[in-house]
file query.txt (compact mmCIF, C-alpha atoms and all ligand atoms)
# COMPACT_ATOMS: atom_id res chain seq x y z
CA MET A 1 3.32 -1.98 19.40
CA ALA A 2 2.65 -2.19 23.10
CA VAL A 3 2.90 -4.79 25.80
CA THR A 4 0.35 -4.25 28.57
CA ALA A 5 -0.04 -6.15 31.83
CA ILE A 6 -3.53 -6.30 33.31
CA ILE A 7 -3.29 -6.65 37.05
CA GLY A 8 -5.90 -7.26 39.74
CA ALA A 9 -5.43 -4.41 42.19
CA GLN A 10 -7.38 -5.73 45.18
CA TRP A 11 -8.15 -9.25 46.47
CA GLY A 12 -9.13 -10.70 43.09
CA ASP A 13 -12.43 -10.77 41.20
CA GLU A 14 -11.97 -7.19 40.03
CA GLY A 15 -13.40 -7.89 36.59
CA LYS A 16 -10.10 -8.46 34.77
CA GLY A 17 -11.74 -11.00 32.43
CA LYS A 18 -14.00 -8.41 30.85
CA ILE A 19 -11.17 -5.88 30.49
CA VAL A 20 -8.89 -8.47 28.84
CA ASP A 21 -11.74 -9.59 26.59
CA LEU A 22 -12.22 -5.96 25.51
CA LEU A 23 -8.55 -5.17 24.95
CA ALA A 24 -7.79 -8.55 23.37
CA GLU A 25 -9.68 -7.46 20.27
CA LYS A 26 -6.68 -5.32 19.38
CA ALA A 27 -3.97 -7.55 20.84
CA ARG A 28 -2.20 -10.24 18.83
CA VAL A 29 -0.96 -12.21 21.83
CA VAL A 30 -2.54 -12.77 25.27
CA VAL A 31 -0.53 -14.48 27.99
CA ARG A 32 -1.87 -15.80 31.28
CA PHE A 33 1.05 -15.67 33.71
CA SER A 34 -0.01 -16.78 37.21
CA GLY A 35 -2.40 -18.85 39.30
CA GLY A 36 -4.39 -21.81 38.10
CA ASP A 37 -8.02 -22.83 38.03
CA ASN A 38 -8.50 -21.08 41.39
CA ALA A 39 -9.20 -18.08 39.15
CA GLY A 40 -12.44 -17.67 37.33
CA HIS A 41 -13.08 -15.08 34.67
CA THR A 42 -16.61 -14.59 33.45
CA VAL A 43 -16.75 -13.45 29.85
CA ILE A 44 -19.94 -12.58 28.02
CA ASN A 45 -19.76 -12.09 24.28
CA ARG A 46 -21.33 -13.15 20.97
CA PHE A 47 -20.34 -16.79 21.52
CA GLY A 48 -22.19 -16.95 24.85
CA ARG A 49 -21.35 -16.75 28.54
CA PHE A 50 -18.18 -18.51 29.72
CA ALA A 51 -16.54 -19.02 33.09
CA LEU A 52 -12.90 -19.50 32.12
CA HIS A 53 -10.48 -20.82 34.71
CA LEU A 54 -7.36 -21.46 32.66
CA VAL A 55 -7.76 -20.47 29.02
CA PRO A 56 -6.89 -16.78 28.56
CA SER A 57 -9.95 -14.63 27.86
CA GLY A 58 -8.31 -13.55 24.59
CA ILE A 59 -9.35 -16.88 23.03
CA PHE A 60 -12.42 -15.21 21.50
CA SER A 61 -10.30 -12.92 19.34
CA GLU A 62 -7.82 -13.68 16.56
CA THR A 63 -4.96 -13.85 19.03
CA ASP A 64 -2.33 -16.29 20.16
CA CYS A 65 -3.32 -17.29 23.69
CA ILE A 66 -0.54 -18.51 25.92
CA ILE A 67 -0.64 -20.25 29.29
CA GLY A 68 2.73 -19.24 30.68
CA HIS A 69 5.04 -21.17 32.96
CA GLY A 70 3.90 -19.13 36.00
CA VAL A 71 0.55 -20.93 35.80
CA VAL A 72 -0.20 -24.30 37.41
CA VAL A 73 -2.37 -26.36 35.10
CA ASN A 74 -5.04 -28.88 36.02
CA PRO A 75 -5.15 -30.77 32.70
CA GLU A 76 -8.61 -32.20 33.27
CA ILE A 77 -10.07 -28.72 33.77
CA LEU A 78 -8.15 -27.35 30.80
CA ILE A 79 -9.31 -30.11 28.47
CA GLY A 80 -12.90 -29.52 29.65
CA GLU A 81 -12.57 -25.82 28.83
CA ILE A 82 -11.10 -26.48 25.40
CA GLU A 83 -13.91 -28.91 24.58
CA ASN A 84 -16.59 -26.52 25.81
CA LEU A 85 -15.13 -23.69 23.72
CA ASN A 86 -14.98 -25.92 20.64
CA GLN A 87 -18.61 -26.92 21.15
CA HIS A 88 -19.47 -23.21 21.08
CA HIS A 89 -17.50 -22.82 17.82
CA VAL A 90 -14.60 -20.99 19.42
CA ASP A 91 -11.32 -21.81 17.65
CA THR A 92 -8.63 -22.99 20.10
CA SER A 93 -5.89 -23.69 17.54
CA ARG A 94 -4.05 -20.57 18.73
CA LEU A 95 -3.79 -21.81 22.30
CA HIS A 96 -0.27 -22.57 23.55
CA ILE A 97 0.74 -24.10 26.88
CA SER A 98 4.23 -23.62 28.24
CA ASP A 99 6.12 -26.88 28.51
CA ARG A 100 7.53 -25.42 31.74
CA ALA A 101 4.10 -24.89 33.38
CA HIS A 102 3.64 -27.13 36.40
CA VAL A 103 0.80 -29.64 36.43
CA ILE A 104 -1.69 -30.14 39.23
CA MET A 105 -1.64 -33.80 40.21
CA PRO A 106 -4.31 -35.81 42.12
CA TYR A 107 -2.23 -35.72 45.31
CA HIS A 108 -2.14 -31.90 45.16
CA LEU A 109 -5.92 -31.81 45.20
CA LEU A 110 -6.03 -34.28 48.08
CA LEU A 111 -3.40 -32.44 50.11
CA ASP A 112 -5.00 -29.00 49.60
CA GLY A 113 -8.21 -30.33 51.21
CA LEU A 114 -6.43 -32.27 53.95
CA GLU A 115 -4.17 -29.35 54.90
CA GLU A 116 -7.12 -26.95 55.00
CA ASP A 117 -9.11 -29.33 57.20
CA ALA A 118 -6.11 -29.78 59.49
CA ARG A 119 -5.91 -26.00 59.99
CA GLY A 120 -9.39 -26.10 61.55
CA GLY A 121 -10.44 -22.64 62.67
CA ASN A 122 -7.31 -21.17 61.08
CA ALA A 123 -8.14 -22.42 57.57
CA LEU A 124 -7.02 -20.05 54.82
CA GLY A 125 -10.17 -20.59 52.80
CA THR A 126 -8.28 -21.86 49.74
CA THR A 127 -10.21 -22.91 46.67
CA ARG A 128 -9.07 -26.53 47.31
CA ARG A 129 -7.92 -26.78 43.73
CA GLY A 130 -4.45 -28.04 44.65
CA ILE A 131 -2.84 -24.69 43.87
CA GLY A 132 -0.74 -24.29 47.04
CA PRO A 133 0.59 -27.88 47.04
CA ALA A 134 1.48 -27.63 43.31
CA TYR A 135 3.49 -24.43 43.82
CA ALA A 136 5.06 -25.94 46.95
CA ASP A 137 6.30 -28.88 44.85
CA LYS A 138 7.60 -26.47 42.23
CA ALA A 139 9.64 -24.67 44.88
CA ALA A 140 10.78 -28.02 46.33
CA ARG A 141 11.90 -29.13 42.86
CA GLN A 142 9.59 -32.11 42.80
CA GLY A 143 6.90 -30.82 40.47
CA ILE A 144 5.73 -32.34 37.20
CA ARG A 145 5.77 -29.96 34.23
CA ALA A 146 3.53 -30.01 31.16
CA GLY A 147 6.51 -31.04 29.02
CA ASP A 148 7.13 -34.06 31.30
CA LEU A 149 3.77 -35.55 30.33
CA LEU A 150 5.16 -36.15 26.84
CA THR A 151 8.34 -38.00 27.86
CA GLY A 152 7.06 -41.56 28.55
CA GLU A 153 9.54 -43.52 30.69
CA GLU A 154 11.21 -40.36 31.98
CA PHE A 155 7.85 -39.14 33.29
CA LEU A 156 7.11 -42.52 34.87
CA SER A 157 10.40 -42.61 36.71
CA ARG A 158 10.00 -39.06 38.03
CA LEU A 159 6.41 -39.74 39.03
CA ARG A 160 7.47 -42.87 40.96
CA THR A 161 9.87 -40.89 43.12
CA VAL A 162 7.37 -38.13 43.85
CA VAL A 163 4.40 -40.43 44.51
CA GLU A 164 6.47 -42.51 46.90
CA GLN A 165 7.09 -39.41 48.99
CA LYS A 166 3.44 -38.24 48.75
CA ASN A 167 2.21 -41.68 49.75
CA ALA A 168 4.34 -41.58 52.87
CA ILE A 169 2.49 -38.39 53.87
CA LEU A 170 -0.95 -39.63 52.82
CA THR A 171 -0.65 -42.94 54.66
CA ARG A 172 1.44 -42.01 57.72
CA VAL A 173 0.18 -38.50 58.45
CA TYR A 174 -3.40 -38.74 57.24
CA GLY A 175 -4.02 -42.49 57.48
CA LEU A 176 -5.28 -42.68 53.89
CA LYS A 177 -4.77 -45.22 51.14
CA PRO A 178 -1.71 -44.67 48.93
CA CYS A 179 -2.09 -43.26 45.39
CA SER A 180 -1.39 -45.67 42.54
CA VAL A 181 1.53 -44.60 40.33
CA ASP A 182 0.22 -46.62 37.41
CA GLU A 183 -3.25 -45.12 37.56
CA ILE A 184 -1.89 -41.59 37.70
CA TYR A 185 0.59 -42.35 34.93
CA GLN A 186 -2.06 -43.75 32.58
CA ARG A 187 -4.42 -40.85 33.22
CA TYR A 188 -1.79 -38.15 32.83
CA VAL A 189 -0.23 -39.68 29.72
CA GLY A 190 -3.75 -39.50 28.26
CA TYR A 191 -3.99 -35.82 29.18
CA GLY A 192 -0.55 -35.27 27.69
CA GLN A 193 -1.61 -36.83 24.38
CA ARG A 194 -4.72 -34.64 24.28
CA LEU A 195 -2.77 -31.48 25.10
CA ALA A 196 0.36 -32.29 23.06
CA PRO A 197 -0.63 -30.07 20.09
CA TYR A 198 -0.73 -27.10 22.45
CA ILE A 199 2.41 -27.71 24.53
CA SER A 200 5.61 -25.94 23.48
CA ASP A 201 8.40 -23.62 24.60
CA VAL A 202 6.28 -20.46 24.59
CA THR A 203 9.18 -18.14 25.42
CA ARG A 204 10.05 -18.35 21.72
CA ILE A 205 6.55 -17.26 20.73
CA ILE A 206 6.70 -14.36 23.18
CA ASP A 207 10.17 -13.34 22.07
CA GLY A 208 9.14 -13.55 18.41
CA ALA A 209 6.03 -11.46 19.09
CA VAL A 210 8.11 -8.75 20.77
CA LYS A 211 10.56 -8.69 17.86
CA GLN A 212 7.71 -8.44 15.36
CA GLY A 213 6.15 -5.60 17.36
CA ARG A 214 2.87 -7.42 17.99
CA ASP A 215 0.54 -5.98 20.63
CA MET A 216 0.55 -8.20 23.70
CA LEU A 217 -1.55 -8.47 26.85
CA LEU A 218 -0.34 -10.18 29.98
CA GLU A 219 -3.44 -11.37 31.80
CA GLY A 220 -3.23 -11.49 35.57
CA ALA A 221 -5.23 -13.76 37.85
CA GLN A 222 -6.20 -13.13 41.49
CA GLY A 223 -5.26 -9.78 42.99
CA SER A 224 -2.20 -7.96 44.25
CA LEU A 225 -3.23 -8.20 47.91
CA LEU A 226 -3.17 -12.00 47.59
CA ASP A 227 0.48 -11.97 46.52
CA ASN A 228 2.49 -14.38 48.63
CA ASP A 229 5.20 -11.80 49.39
CA LEU A 230 3.47 -8.43 49.42
CA GLY A 231 -0.11 -9.50 50.17
CA THR A 232 -1.81 -10.37 53.44
CA TYR A 233 0.41 -13.42 54.17
CA PRO A 234 -0.47 -16.17 55.10
CA TYR A 235 -3.94 -15.36 53.73
CA THR A 236 -2.54 -15.27 50.23
CA THR A 237 -2.31 -17.39 47.13
CA SER A 238 0.92 -19.14 46.17
CA SER A 239 1.81 -17.33 42.96
CA CYS A 240 2.70 -13.75 42.05
CA PRO A 241 -0.27 -11.79 40.67
CA LEU A 242 1.76 -8.54 40.52
CA ALA A 243 3.17 -6.66 37.51
CA SER A 244 6.56 -8.12 38.38
CA GLY A 245 4.92 -11.57 38.23
CA ALA A 246 3.76 -10.79 34.70
CA CYS A 247 7.39 -10.89 33.55
CA LEU A 248 8.32 -13.74 35.85
CA GLY A 249 5.45 -16.00 34.83
CA SER A 250 5.58 -15.34 31.09
CA GLY A 251 9.29 -15.02 30.44
CA LEU A 252 8.85 -11.50 29.06
CA ASN A 253 11.96 -9.40 29.45
CA PRO A 254 10.94 -6.60 31.92
CA LYS A 255 12.39 -3.98 29.55
CA ASN A 256 9.60 -4.86 27.14
CA LEU A 257 6.68 -4.12 29.47
CA ASP A 258 5.16 -0.81 28.32
CA HIS A 259 1.92 -0.35 30.28
CA ILE A 260 0.59 -1.67 33.58
CA LEU A 261 -3.17 -1.42 33.91
CA GLY A 262 -4.53 -1.90 37.43
CA VAL A 263 -8.10 -3.16 37.63
CA TYR A 264 -10.07 -1.99 40.68
CA LYS A 265 -13.64 -2.58 41.62
CA VAL A 266 -15.22 0.67 42.89
CA TYR A 267 -15.85 -1.11 46.19
CA THR A 268 -13.90 -3.98 47.79
CA SER A 269 -14.54 -7.71 47.89
CA ARG A 270 -12.65 -10.66 49.24
CA VAL A 271 -13.30 -14.38 49.26
CA GLY A 272 -11.64 -16.66 51.78
CA ALA A 273 -10.17 -15.77 55.16
CA GLY A 274 -7.85 -12.90 56.10
CA PRO A 275 -8.03 -9.24 57.04
CA MET A 276 -10.24 -6.83 55.10
CA PRO A 277 -10.50 -3.53 56.98
CA THR A 278 -13.46 -2.08 55.05
CA GLU A 279 -15.60 -5.24 55.18
CA LEU A 280 -19.28 -4.44 55.89
CA LYS A 281 -21.02 -7.12 57.92
CA ASP A 282 -24.33 -5.31 57.69
CA SER A 283 -27.20 -4.64 55.31
CA THR A 284 -25.03 -2.36 53.15
CA GLY A 285 -22.53 -5.20 52.61
CA ASP A 286 -25.44 -7.54 51.83
CA LYS A 287 -26.88 -5.01 49.41
CA ILE A 288 -23.60 -4.76 47.50
CA ARG A 289 -23.24 -8.58 47.44
CA GLU A 290 -26.74 -9.23 46.16
CA ARG A 291 -26.74 -6.40 43.66
CA ALA A 292 -23.37 -7.38 42.27
CA HIS A 293 -24.01 -11.10 42.68
CA GLU A 294 -20.73 -11.43 44.57
CA TYR A 295 -20.40 -15.21 44.69
CA GLY A 296 -17.17 -16.95 43.64
CA THR A 297 -16.96 -18.07 39.99
CA THR A 298 -14.85 -21.05 41.05
CA THR A 299 -16.30 -22.08 44.42
CA GLY A 300 -19.69 -20.32 44.58
CA ARG A 301 -18.76 -18.95 48.02
CA PRO A 302 -20.35 -15.60 49.01
CA ARG A 303 -17.73 -12.86 48.77
CA ARG A 304 -17.15 -10.46 51.63
CA CYS A 305 -18.03 -6.94 50.48
CA GLY A 306 -17.22 -3.45 51.70
CA TRP A 307 -16.40 0.14 50.76
CA PHE A 308 -13.46 1.09 48.56
CA ASP A 309 -10.28 0.75 50.59
CA GLY A 310 -8.15 3.71 49.54
CA VAL A 311 -5.21 2.70 51.74
CA ALA A 312 -4.98 -0.76 50.17
CA ALA A 313 -5.61 0.73 46.71
CA ARG A 314 -2.73 3.20 47.04
CA TYR A 315 -0.42 0.45 48.30
CA SER A 316 -1.34 -1.77 45.39
CA SER A 317 -0.76 1.02 42.88
CA GLY A 318 2.67 1.65 44.40
CA ILE A 319 3.92 -1.94 44.40
CA ASN A 320 2.75 -2.48 40.83
CA GLY A 321 3.64 0.88 39.30
CA PHE A 322 0.29 1.22 37.54
CA THR A 323 0.45 3.47 34.53
CA ALA A 324 -3.37 3.55 34.30
CA ALA A 325 -6.42 2.05 35.98
CA ALA A 326 -9.73 0.49 35.00
CA LEU A 327 -12.60 0.89 37.46
CA THR A 328 -15.26 -1.77 37.30
CA ARG A 329 -18.82 -2.24 38.57
CA LEU A 330 -19.63 1.45 38.97
CA ASP A 331 -23.30 0.61 38.38
CA VAL A 332 -23.37 -1.45 41.60
CA LEU A 333 -23.11 1.78 43.60
CA ASP A 334 -26.00 3.48 41.72
CA GLY A 335 -28.75 4.51 44.14
CA PHE A 336 -26.72 4.83 47.37
CA ASP A 337 -27.36 8.10 49.28
CA ARG A 338 -23.73 8.30 50.37
CA VAL A 339 -20.63 6.40 49.32
CA LYS A 340 -17.48 5.96 51.40
CA ILE A 341 -13.76 5.59 50.78
CA SER A 342 -11.27 4.71 53.50
CA THR A 343 -8.33 7.09 53.35
CA ALA A 344 -6.51 5.94 56.51
CA TYR A 345 -6.75 3.31 59.22
CA ARG A 346 -7.15 3.76 62.95
CA LEU A 347 -4.75 1.40 64.72
CA GLY A 348 -5.17 1.66 68.49
CA ASP A 349 -4.68 5.33 69.29
CA LYS A 350 -2.79 6.04 66.05
CA VAL A 351 -4.04 6.96 62.59
CA ILE A 352 -1.91 5.42 59.85
CA ASP A 353 -1.98 5.95 56.09
CA TYR A 354 -0.01 2.85 55.07
CA PHE A 355 -0.93 -0.82 54.58
CA PRO A 356 0.77 -2.70 57.44
CA ALA A 357 2.84 -5.81 56.73
CA SER A 358 1.87 -7.31 60.08
CA ILE A 359 -1.26 -9.38 59.73
CA SER A 360 -2.24 -8.87 63.37
CA GLU A 361 -1.94 -5.09 62.95
CA LEU A 362 -4.01 -5.18 59.79
CA MET A 363 -6.65 -7.27 61.59
CA ARG A 364 -6.93 -4.49 64.19
CA CYS A 365 -7.15 -1.64 61.66
CA GLU A 366 -10.42 0.28 61.56
CA PRO A 367 -11.08 2.29 58.42
CA VAL A 368 -11.18 6.08 58.59
CA TYR A 369 -13.79 7.05 56.01
CA GLU A 370 -14.31 9.98 53.76
CA GLU A 371 -17.98 10.28 52.78
CA LEU A 372 -19.08 11.48 49.38
CA PRO A 373 -22.54 12.07 47.95
CA GLY A 374 -24.01 9.12 46.06
CA TRP A 375 -25.88 9.26 42.75
CA GLN A 376 -29.38 8.10 41.91
CA THR A 377 -29.29 7.85 38.11
CA PRO A 378 -28.56 4.37 36.66
CA THR A 379 -25.19 4.47 34.90
CA THR A 380 -25.31 1.19 32.96
CA HIS A 381 -26.24 2.67 29.60
CA MET A 382 -23.89 5.63 29.76
CA LYS A 383 -21.26 5.76 27.05
CA ARG A 384 -19.17 8.82 27.85
CA TYR A 385 -17.47 10.03 31.01
CA GLU A 386 -19.29 13.35 30.65
CA ASP A 387 -22.65 11.52 30.78
CA LEU A 388 -22.01 10.19 34.29
CA PRO A 389 -23.77 11.91 37.21
CA GLU A 390 -21.61 14.61 38.79
CA ALA A 391 -21.42 12.70 42.08
CA ALA A 392 -20.11 9.59 40.26
CA ARG A 393 -17.46 11.71 38.55
CA ARG A 394 -16.44 13.17 41.91
CA TYR A 395 -16.17 9.67 43.34
CA ILE A 396 -13.98 8.56 40.42
CA ALA A 397 -11.87 11.71 40.69
CA ARG A 398 -11.21 10.98 44.37
CA ILE A 399 -10.15 7.41 43.59
CA THR A 400 -7.89 8.73 40.83
CA GLU A 401 -6.23 11.08 43.31
CA ILE A 402 -5.68 8.24 45.79
CA ILE A 403 -4.20 5.73 43.36
CA GLY A 404 -2.11 8.34 41.59
CA CYS A 405 -2.65 7.23 38.00
CA PRO A 406 -5.25 8.08 35.36
CA VAL A 407 -8.48 6.10 35.09
CA THR A 408 -8.83 5.20 31.44
CA ILE A 409 -11.66 2.63 31.53
CA ILE A 410 -14.88 2.56 33.56
CA SER A 411 -17.09 -0.51 33.44
CA VAL A 412 -20.79 0.12 34.07
CA GLY A 413 -22.16 -3.36 33.35
CA PRO A 414 -21.04 -6.88 32.48
CA ALA A 415 -21.38 -6.65 28.68
CA ARG A 416 -18.59 -5.40 26.42
CA GLU A 417 -20.54 -2.35 25.29
CA GLU A 418 -21.24 -1.32 28.89
CA THR A 419 -17.85 0.36 29.08
CA ILE A 420 -16.69 3.96 29.08
CA PHE A 421 -13.27 4.75 27.63
CA VAL A 422 -12.11 7.94 29.29
CA GLU A 423 -10.32 10.35 26.98
CA GLN A 424 -7.17 11.75 28.58
CA HIS A 425 -6.60 15.49 28.13
P1 LIG B 1 -5.70 -20.79 46.70
O1 LIG B 1 -5.21 -19.86 45.63
O2 LIG B 1 -6.76 -21.74 46.24
O3 LIG B 1 -4.57 -21.44 47.42
O4 LIG B 1 -6.43 -19.87 47.79
C1 LIG B 1 -5.71 -18.93 48.59
C2 LIG B 1 -6.53 -17.67 48.82
O5 LIG B 1 -6.68 -16.96 47.60
C3 LIG B 1 -7.96 -17.92 49.31
O6 LIG B 1 -8.34 -16.87 50.19
C4 LIG B 1 -8.79 -17.84 48.05
O7 LIG B 1 -10.13 -17.50 48.32
C5 LIG B 1 -8.06 -16.73 47.31
N1 LIG B 1 -8.24 -16.81 45.87
C6 LIG B 1 -7.67 -17.67 45.02
N2 LIG B 1 -8.06 -17.43 43.76
C7 LIG B 1 -8.89 -16.39 43.81
C8 LIG B 1 -9.60 -15.64 42.82
O8 LIG B 1 -9.53 -15.89 41.61
N3 LIG B 1 -10.36 -14.61 43.28
C9 LIG B 1 -10.42 -14.28 44.58
N4 LIG B 1 -9.77 -14.93 45.54
C10 LIG B 1 -9.00 -15.98 45.16
call {"tool": "encode", "arguments": {"input": "query.txt", "output": "structure tokens"}}
result
Amino acid sequence: MAVTAIIGAQWGDEGKGKIVDLLAEKARVVVRFSGGDNAGHTVINRFGRFALHLVPSGIFSETDCIIGHGVVVNPEILIGEIENLNQHHVDTSRLHISDRAHVIMPYHLLLDGLEEDARGGNALGTTRRGIGPAYADKAARQGIRAGDLLTGEEFLSRLRTVVEQKNAILTRVYGLKPCSVDEIYQRYVGYGQRLAPYISDVTRIIDGAVKQGRDMLLEGAQGSLLDNDLGTYPYTTSSCPLASGACLGSGLNPKNLDHILGVYKVYTSRVGAGPMPTELKDSTGDKIRERAHEYGTTTGRPRRCGWFDGVAARYSSGINGFTAAALTRLDVLDGFDRVKISTAYRLGDKVIDYFPASISELMRCEPVYEELPGWQTPTTHMKRYEDLPEAARRYIARITEIIGCPVTIISVGPAREETIFVEQH
């Protein structure tokens, strides 16, 4: 048996959904461990095309799908996803939600928008899904957990205390009307009743699966460079999308994590504000965006696009300890005369090969590029590594060298079959 974590290695949107969907066929358990409905995984398979925000992409296979306690759950969104899946004849009886997972409440959604607006020109570009405020409440020990929704009077009393404090902020700081405890209570008790069959202490399921030797995937959301500690703070998300977060947010004992698969796009994208040294604000960036349709699954915002950032990629591989990598969207680079990889940054009069912690330094970094020949042949229908044009193989080999772990999967199109599994010699 093996337990594998699938980790976004850049700023999110690396194509983790497709990789999980592929690997979930063999897995018996899939666990989502971080983020909330700020994430969006597009999955295309025999049931149709789905944009999943909360339900693990493994739902299409005969697997137990777990939403771990590291996730913050918007119950309305989750119920919508479950109903949509059921309408498409996808069985959701194997879905489990951790009773410890925190719930996104109406005031979290309100505050995310208000706080972003108040930042003005310094807005972080959050998804406005209430993610930051929900994690802030978790850290402040005033969150509501999925299990609380099932406790009746206990939930009401806790909610009263929290809403009183939120209303003080909403009315006195923002001059808005207060939230009604009763309205929220009625609505959320309803959600609780609908989700009750799915809510349980999932650590027991995970522990049992490990003891039975069942193959398990830990499905990451967002990307490593958005991590609140090791990412480009404060332009980060509020949870831990790293390999270490996979254990933290699922309850898996770290000794039981066997493989860590980093998912990289063969170029770089970012949505929201914050530094991105290889961003291309020119026709090449536009070409990548249009060809790859780089628009957010959750917000529809155009993503910022640029060349592969080797400095960031190496950093991400190091902090996660990737044992292997999947490269996605190779086909997007088909037809470029030259392709570029940044291997260092120019910072003032220095050349550095590390990813600076200081946001102002990172903002000033200019990429130092290595240019490689591009390839003209379309790669989408290629099935074997050996079939790829020589220039594409050279490009992949250079990325492999930079990230320091073997590339075992190459995605050349959105569909499941548009994937090359690289044999390791
Ligand atoms: P939040 O997670 O909504 O608080 O947003 C914080 C930052 O993370 C913003 O820059 C978002 O654009 C970014 N972000 C959040 N989720 C995703 C994702 O799934 N893909 C890419 N960026 C994301």
call {"tool": "residues_near_ligand", "arguments": {"input": "query.txt", "ligand": "ligand LIG 1 (chain B)", "cutoff": "9 Å", "atoms": "all atoms listed in the file", "output": "MDAnalysis selection string"}}
result
chainID A and resid 11:14 35:41 53 112 124:133 221:223 226:227 234:239 269:274 296:299 301 303
call {"tool": "residues_around", "arguments": {"input": "query.txt", "residues": "Tyr185 (chain A)", "least_positions_apart": "6", "cutoff": "10 Å", "atoms": "all atoms listed in the file", "output": "list of chain:residue names"}}
result
A:Leu149, A:Gly152, A:Glu153, A:Phe155, A:Leu156, A:Ser157, A:Leu159, A:Arg160, A:Tyr191
call {"tool": "closest_residue", "arguments": {"input": "query.txt", "among": "A:Val163, A:Ala51, A:Val263, A:Ile169", "to": "Gly300 (chain A)", "atoms": "all atoms listed in the file"}}
result
A:Ala51
call {"tool": "residues_around", "arguments": {"input": "query.txt", "residues": "Leu372 (chain A)", "least_positions_apart": "3", "cutoff": "8 Å", "atoms": "only C-alpha atoms", "output": "compact mmCIF listing (two decimals) with C-alpha atoms, in the frame of the given file"}}
result
# COMPACT_ATOMS: atom_id res chain seq x y z
CA ARG A 338 -23.73 8.30 50.37
CA VAL A 339 -20.63 6.40 49.32
CA LYS A 340 -17.48 5.96 51.40
CA ALA A 391 -21.42 12.70 42.08
CA TYR A 395 -16.17 9.67 43.34
call {"tool": "atom_distance", "arguments": {"input": "query.txt", "atom1": "CA of Ala415 (chain A)", "atom2": "CA of Ile97 (chain A)"}}
result
28.2 Å
call {"tool": "residues_around", "arguments": {"input": "query.txt", "residues": "region 342-345 of chain A", "least_positions_apart": "6", "cutoff": "8 Å", "atoms": "all atoms listed in the file", "output": "PyMOL selection string"}}
result
chain A and resi 278+307-311+351-354+365-370
call {"tool": "residues_around", "arguments": {"input": "query.txt", "residues": "Gly245 (chain A)", "least_positions_apart": "2", "cutoff": "12 Å", "atoms": "only C-alpha atoms", "output": "MDAnalysis selection string"}}
result
chainID A and resid 5:8 31:35 68:71 218:224 227:230 238:243 247:254 257 260 319:320
call {"tool": "residues_around", "arguments": {"input": "query.txt", "residues": "Phe336 (chain A)", "least_positions_apart": "6", "cutoff": "10 Å", "atoms": "all atoms listed in the file", "output": "MDAnalysis selection string"}}
result
chainID A and resid 284 373:376
call {"tool": "residues_near_point", "arguments": {"input": "query.txt", "point": "(-0.3, -35.0, 51.0)", "cutoff": "9 Å", "atoms": "all atoms listed in the file", "output": "list in words"}}
result
Tyr107, His108, Leu109, Leu110, Leu111, Asp112, Leu114, Glu115, Pro133, Gln165, Lys166, Asn167, Ala168, Ile169, Leu170, Thr171, Val173 and Tyr174 of chain A
call {"tool": "atom_distance", "arguments": {"input": "query.txt", "atom1": "CA of Lys138 (chain A)", "atom2": "CA of Ile104 (chain A)"}}
result
10.4 Å
call {"tool": "atom_distance", "arguments": {"input": "query.txt", "atom1": "CA of Ser93 (chain A)", "atom2": "CA of Leu78 (chain A)"}}
result
13.9 Å
call {"tool": "residues_near_point", "arguments": {"input": "query.txt", "point": "(-3.4, -10.9, 24.0)", "cutoff": "7 Å", "atoms": "all atoms listed in the file", "output": "PyMOL selection string"}}
result
chain A and resi 24+27-31+58+63-65+216-218
call {"tool": "closest_residue", "arguments": {"input": "query.txt", "among": "A:His293, A:Arg384, A:Arg314, A:Arg416", "to": "Arg398 (chain A)", "atoms": "all atoms listed in the file"}}
result
A:Arg314
call {"tool": "closest_residue", "arguments": {"input": "query.txt", "among": "A:Gln212, A:Pro275, A:Pro197, A:Ile288", "to": "Gly231 (chain A)", "atoms": "only C-alpha atoms"}}
result
A:Pro275
call {"tool": "build_atoms", "arguments": {"input": "query.txt", "residues": "region 168-173 of chain A", "atoms": "N, CA, C and O atoms", "output": "PDB file, in the frame of the given file"}}
result
ATOM      1  N   ALA A 168       3.882 -41.527  51.478  1.00  0.00           N
ATOM      2  CA  ALA A 168       4.340 -41.580  52.870  1.00  0.00           C
ATOM      3  C   ALA A 168       3.521 -40.578  53.695  1.00  0.00           C
ATOM      4  O   ALA A 168       3.080 -40.884  54.811  1.00  0.00           O
ATOM      5  N   ILE A 169       3.274 -39.413  53.143  1.00  0.00           N
ATOM      6  CA  ILE A 169       2.490 -38.390  53.870  1.00  0.00           C
ATOM      7  C   ILE A 169       1.023 -38.831  53.970  1.00  0.00           C
ATOM      8  O   ILE A 169       0.414 -38.769  55.037  1.00  0.00           O
ATOM      9  N   LEU A 170       0.481 -39.275  52.839  1.00  0.00           N
ATOM     10  CA  LEU A 170      -0.950 -39.630  52.820  1.00  0.00           C
ATOM     11  C   LEU A 170      -1.237 -40.788  53.786  1.00  0.00           C
ATOM     12  O   LEU A 170      -2.241 -40.762  54.506  1.00  0.00           O
ATOM     13  N   THR A 171      -0.356 -41.781  53.815  1.00  0.00           N
ATOM     14  CA  THR A 171      -0.650 -42.940  54.660  1.00  0.00           C
ATOM     15  C   THR A 171      -0.252 -42.693  56.119  1.00  0.00           C
ATOM     16  O   THR A 171      -1.023 -42.962  57.025  1.00  0.00           O
ATOM     17  N   ARG A 172       0.956 -42.111  56.323  1.00  0.00           N
ATOM     18  CA  ARG A 172       1.440 -42.010  57.720  1.00  0.00           C
ATOM     19  C   ARG A 172       0.874 -40.796  58.454  1.00  0.00           C
ATOM     20  O   ARG A 172       0.592 -40.867  59.632  1.00  0.00           O
ATOM     21  N   VAL A 173       0.700 -39.695  57.757  1.00  0.00           N
ATOM     22  CA  VAL A 173       0.180 -38.500  58.450  1.00  0.00           C
ATOM     23  C   VAL A 173      -1.337 -38.521  58.471  1.00  0.00           C
ATOM     24  O   VAL A 173      -1.963 -38.212  59.477  1.00  0.00           O
TER      25      VAL A 173
END
